[in-house]
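Engineer: Would you mind keeping the following structure in view while I ask a few things?
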Amino acid sequence: MTTSYASVEERKAKRNIRPSDVAVPSSTGRQRGTGPSSNMGISEERRTPAQKDLDAILYSYYTRRLARITQVSSNATAQMSPRSMWQRPYSLSHNRLTHSLKVGQVARRLAQYLLQDDQNAKGIEVAGGLEPDVAELAGRAHDLGHPPFGHIGEQVLDQIAVQNGLPDGFEGNAQSFRILTFLQRKLRDGRPVQGMNLTNVSTASIVKYPWSRGDSGKKYRKFNYYDIDIDRFTGSVTPLLYCDDSGILEAQIMDWADDISYATHDIEDFALAGVIPLHRLTFRPEGNKYVPVDYDEFNRFWKYASTYLSDDSDEYEAAAKRSFMDVAGRFFLTELDDSEQSRDRMRAFASYVITETSLGTSVDPSTGCLLKTPEVAGLVDIMKRLTWYYVIDRPETTIRQRGEKKVLESVVLELLAWSKEAYSEEEHVASRNGRQTRQRTGTEQSEIRNGLDSTLRESINRSIEDYRDRHRSGSVLQLTDEERKEAGLVRGVIDYVAGLTEEDIYAYHHMFELGYVEKGSLRES
């Protein structure tokens with residue numbers, strides 16, 4: 001069945017609408033979002049709506065947090081011996097913040113290149129428009145919901161959430177959406193309100209997977225909103241969608257920019273560290289053709305990488321190999337090290353790939369969807385696999401990830417048990433007749449909850465209130481009051497943990513091991 005979408009004119013008209021422009025009833029009887037936010041006496045706004053949103057993302061706590069979240073490895077030099085580490089003093093690995101900034105930059109350039117080519121004009125019109133500021137915002141914000149320890153962290157939080165009564169568990173993309181629309185608060189008329197109050201197009205720009213985990217017929221593992229956030233999704237994102245199984249044009253550009261950055265900037269850490277032997281994967285001329293300089297090394301890598309191509313046709317694989325051969329032979333004829341010359345070569349390589357992939361990208365004039373040539377799509381497919389083959393799918397990385405998983409699991413389960421105890425209205429006490437249950441007084445409840453980290457307590461309270469809201473749709477409506485409280489508590493703990501840094505997790509783990517946690521906010525320490 002074909003989905004019915006709004007017309008181009010309707011979608012254009014709704015791009016710059018903010019939640020504050022629309023009055024929404026709440027469970028408290030107040031109106032949420034009753035007109036534009038106050039400018040508190042500041043002079044007239046000179047930024048465009050997209051520029052205002054882009055600035056807001058930059059100043060968010062969740063953006064700053066990404067500087068302390070793993071990209072691929074918490075330290076690229078962990079793959080090396082102490083001797084080689086000493087010989088490479090300038091090794092510096094990417095983190096989620098540097099990755100996000102680069103994705104934003106690549107997305108902005110892609111949008112600008114598309115706008116400069118008149119052949120894309122019709123497709124951009126069908127899409128409802130294209131703004132470079134929005135594309136950059138999408139790149140900066142797409143990983144805001146990434147938890148500590150990357151994808152291992154996602155797996156841990158998802159498993160624990162499902163086991164504790166949240167059917168849609170945890171997903172980094174859905175968490176990013178929840179941050180923008182609920183978790184990151186903003187002052188409006190002097191009062192904190194939920195969400196960043198971004199325009200619809202800015203919110204929709206981070207949505208790569210416009211469905212929930214529970215959507216029937218969706219076979220994909222990834223999704224972009226939890227059921228508790230369905231009203232926020234249908235209010236901001238649904239009115240702008242126009243293409244089956246895809247986000248808006250800015251979201252498609254961000255997704256492609258993310259792949260390009262992963263295929264260039266992410267391998268920089270490990271290539272300069274000597275972990276990815278690019279010089280052994282290059283080609284040399286032999287007669288009228290080019291051949292690998294190291295047949296065994298190249299064939300082992302290609303056997304692995306070719307199984308992950310997004311298109312399994314022989315023509316696509318041939319195009320991918322041609323593109324990779326051209327890049328490898330152009331930049332990696334000799335071994336890389338941490339010299340300035342090697343870093344110059346890596347910068348030139350990244351610039352070349354970004355330019356080529358940009359020139360190989362267009363907008364379909366009939367559908368408004370992003371198109372990539374087989375050559376650039378295949379090149380990015382292969383380059384992405386370099387990090388997986390030489391770093392991620394290696395025993396050293398697996399060992400580290402198992403340790404991170406154990407640490408995170410122990411912290412989340414301890415925080416969850418502690419929070420459930422703190423929010424229970426009953427307690428078990430010893431008596432002559434054995435253990436009995438008694439009701440806690442309001443003062444007792446307050447005292448035990450005040451023992452929690454203040455930010456954790458606030459996260460739980462906000463989430464419980466969110467689940468208790470009677471003016472929402474979706475499966476939450478079927479829950480009893482007690483089930484809503486329980487779901488809100490679990491989601492609040494998951495929200496809190498997902499917003500911590502990796503150092504915070506290790507600090508909690510250390511303190512729980514010692515049996516001591518200092519009062520106050522760990523996040524703000």
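For the structure tokens, the naming scheme is as follows: chains receive sequential letters (A, B, ...) according to their order of presentation, residues are indexed from 1 within each chain, and ligands are indexed from 1 in presentation order.
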Quick one: which range 167-277 of chain A residues come within 6 Å of range 136-140 of chain A, and what is the nearest atom pair for each with the distance in Å to one decimal, counting only C-alpha atoms, rows ordered by chain and ascending number, as a Markdown table?
Structural biologist:
| residue | atom | partner | partner_atom | distance |
| --- | --- | --- | --- | --- |
| A:Ser205 | CA | A:Ala138 | CA | 5.2 |
| A:Ile206 | CA | A:Ala138 | CA | 5.0 |
| A:Met254 | CA | A:Gly139 | CA | 5.4 |
Engineer: Residues of the last selection are to be written out with C-alpha atoms, as a PDB file, in the first residue's frame.
Structural biologist:
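Generated file (again-v1.pdb):
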ATOM      1  CA  SER A 205      16.721  16.301   9.519  1.00  0.00           C
ATOM      2  CA  ILE A 206      18.121  13.746  12.018  1.00  0.00           C
ATOM      3  CA  MET A 254      23.339  13.578   6.527  1.00  0.00           C
TER       4      MET A 254
END
Engineer: Could you tell me, as an MDAnalysis selection string, which residues of range 349-477 of chain A DSSP assigns to alpha helix (DSSP H) when given the backbone?
Structural biologist: chainID A and resid 349:359 374:387 395:422 442:449 454:468
Engineer: Near Glu427 in chain A, within 8 Å and counting only C-alpha atoms, which residues show up once chain neighbours fewer than 6 positions away are dropped, as a ChimeraX atom specification?
Structural biologist: /A:437-440
Engineer: Looking at A:Cys369, A:Leu144, A:Val497, A:Ile460, which one is nearest to Trp256 in chain A, with distances taken over only C-alpha atoms?
Structural biologist: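 Using only C-alpha atoms, the shortest distance to Trp256 in chain A belongs to A:Cys369.
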Engineer: Could you give me the residues within range 125-317 of chain A that DSSP places in strand (DSSP E), as a PyMOL selection string?
Structural biologist: chain A and resi 186-188+191-193+283-286+289-292
Engineer: May I have the selected residues written with C-alpha atoms, as a PDB file, in the first residue's frame?
Structural biologist:
ATOM      1  CA  LYS A 186      14.816  25.283  26.949  1.00  0.00           C
ATOM      2  CA  LEU A 187      13.693  28.362  28.831  1.00  0.00           C
ATOM      3  CA  ARG A 188      10.520  29.860  27.447  1.00  0.00           C
ATOM      4  CA  ARG A 191      10.253  28.628  32.579  1.00  0.00           C
ATOM      5  CA  PRO A 192      11.992  25.411  31.505  1.00  0.00           C
ATOM      6  CA  VAL A 193       9.993  23.409  28.979  1.00  0.00           C
ATOM      7  CA  PHE A 283      48.163  -1.362  -6.892  1.00  0.00           C
ATOM      8  CA  ARG A 284      51.116  -1.162  -9.274  1.00  0.00           C
ATOM      9  CA  PRO A 285      51.204  -1.164 -13.102  1.00  0.00           C
ATOM     10  CA  GLU A 286      52.015  -4.464 -14.771  1.00  0.00           C
ATOM     11  CA  LYS A 289      46.823  -3.399 -16.183  1.00  0.00           C
ATOM     12  CA  TYR A 290      47.186  -2.718 -12.453  1.00  0.00           C
ATOM     13  CA  VAL A 291      47.763  -5.488  -9.929  1.00  0.00           C
ATOM     14  CA  PRO A 292      47.903  -5.523  -6.092  1.00  0.00           C
TER      15      PRO A 292
END
Engineer: Could you name the residues that touch Met383 in chain A at 10 Å or less, counting only C-alpha atoms, but leaving out those on the same chain fewer than 5 positions away, as a list in words?
Structural biologist: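 What passes the distance filter is Asp259, Ile260, Tyr262, Ala263, Thr264, Asp266, Ile267, Ala305, Ala320, Phe324, Val327, Gly378 and Trp388 of chain A.
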Engineer: Generate the output file for the selected residues, N, CA and C atoms, as a PDB file, in the first residue's frame.
Structural biologist:
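Printed below is result02.pdb as written:
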ATOM      1  N   ASP A 259      28.356   8.272   6.179  1.00  0.00           N
ATOM      2  CA  ASP A 259      29.087   7.180   5.538  1.00  0.00           C
ATOM      3  C   ASP A 259      30.421   7.661   4.974  1.00  0.00           C
ATOM      4  N   ILE A 260      30.405   8.824   4.332  1.00  0.00           N
ATOM      5  CA  ILE A 260      31.639   9.370   3.744  1.00  0.00           C
ATOM      6  C   ILE A 260      32.667   9.642   4.840  1.00  0.00           C
ATOM      7  N   TYR A 262      32.833   8.292   7.798  1.00  0.00           N
ATOM      8  CA  TYR A 262      33.275   7.007   8.350  1.00  0.00           C
ATOM      9  C   TYR A 262      34.317   6.364   7.440  1.00  0.00           C
ATOM     10  N   ALA A 263      34.172   6.578   6.133  1.00  0.00           N
ATOM     11  CA  ALA A 263      35.068   5.967   5.162  1.00  0.00           C
ATOM     12  C   ALA A 263      36.376   6.740   4.991  1.00  0.00           C
ATOM     13  N   THR A 264      36.467   7.921   5.548  1.00  0.00           N
ATOM     14  CA  THR A 264      37.686   8.725   5.371  1.00  0.00           C
ATOM     15  C   THR A 264      38.307   9.072   6.720  1.00  0.00           C
ATOM     16  N   ASP A 266      37.542   8.245   9.798  1.00  0.00           N
ATOM     17  CA  ASP A 266      37.680   7.219  10.826  1.00  0.00           C
ATOM     18  C   ASP A 266      38.892   6.314  10.592  1.00  0.00           C
ATOM     19  N   ILE A 267      39.254   6.090   9.311  1.00  0.00           N
ATOM     20  CA  ILE A 267      40.422   5.237   9.079  1.00  0.00           C
ATOM     21  C   ILE A 267      41.725   6.007   9.314  1.00  0.00           C
ATOM     22  N   ALA A 305      35.522  -7.681   2.549  1.00  0.00           N
ATOM     23  CA  ALA A 305      34.800  -6.435   2.282  1.00  0.00           C
ATOM     24  C   ALA A 305      33.708  -6.597   1.236  1.00  0.00           C
ATOM     25  N   ALA A 320      33.161  -0.741  -7.628  1.00  0.00           N
ATOM     26  CA  ALA A 320      33.777  -0.498  -6.317  1.00  0.00           C
ATOM     27  C   ALA A 320      35.270  -0.786  -6.348  1.00  0.00           C
ATOM     28  N   PHE A 324      38.296   1.917  -5.672  1.00  0.00           N
ATOM     29  CA  PHE A 324      39.256   1.676  -4.597  1.00  0.00           C
ATOM     30  C   PHE A 324      40.676   1.600  -5.146  1.00  0.00           C
ATOM     31  N   VAL A 327      41.964   5.122  -5.803  1.00  0.00           N
ATOM     32  CA  VAL A 327      42.299   5.865  -4.579  1.00  0.00           C
ATOM     33  C   VAL A 327      43.563   5.306  -3.934  1.00  0.00           C
ATOM     34  N   GLY A 378      30.202   2.457  -4.164  1.00  0.00           N
ATOM     35  CA  GLY A 378      31.054   1.295  -3.960  1.00  0.00           C
ATOM     36  C   GLY A 378      32.337   1.640  -3.232  1.00  0.00           C
ATOM     37  N   TRP A 388      36.521  -1.960   9.974  1.00  0.00           N
ATOM     38  CA  TRP A 388      35.934  -3.181  10.523  1.00  0.00           C
ATOM     39  C   TRP A 388      36.915  -4.351  10.430  1.00  0.00           C
TER      40      TRP A 388
END
Engineer: Using only C-alpha atoms, which residues sit within 9 Å of range 168-185 of chain A once same-chain residues fewer than 2 positions away are excluded, as JSON, numbers by chain?
Structural biologist: {"A": [57, 60, 61, 62, 141, 142, 143, 144, 145, 146, 147, 150, 151, 154, 155, 156, 157, 158, 159, 160, 161, 162, 163, 164, 165, 166, 187, 192, 193, 194, 195, 196, 197, 198, 203, 204, 206, 207, 208, 209, 212, 213, 214, 222, 223, 224, 225, 226, 227, 229, 232, 233, 459, 462, 491, 494, 495, 498]}
Engineer: Determine, counting only C-alpha atoms, which protein, DNA and RNA residues have an atom within 8 Å of an atom of Arg15 in chain A; residues of the same chain fewer than 3 positions away are not included. Present the result as an MDAnalysis selection string.
Structural biologist: chainID A and resid 11:12 199:201 240
Engineer: Between CA of Leu309 in chain A and CA of Thr334 in chain A, measure the distance and give it in Å to one decimal.
Structural biologist: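 Taking CA of Leu309 in chain A and CA of Thr334 in chain A, their separation equals 27.0 Å.
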Engineer: Please determine, counting only C-alpha atoms, which residue among A:Ile464, A:Ala107, A:Val376, A:Ala422 has the shortest atom-to-atom distance to Gln445 in chain A.
Structural biologist: A:Ala422
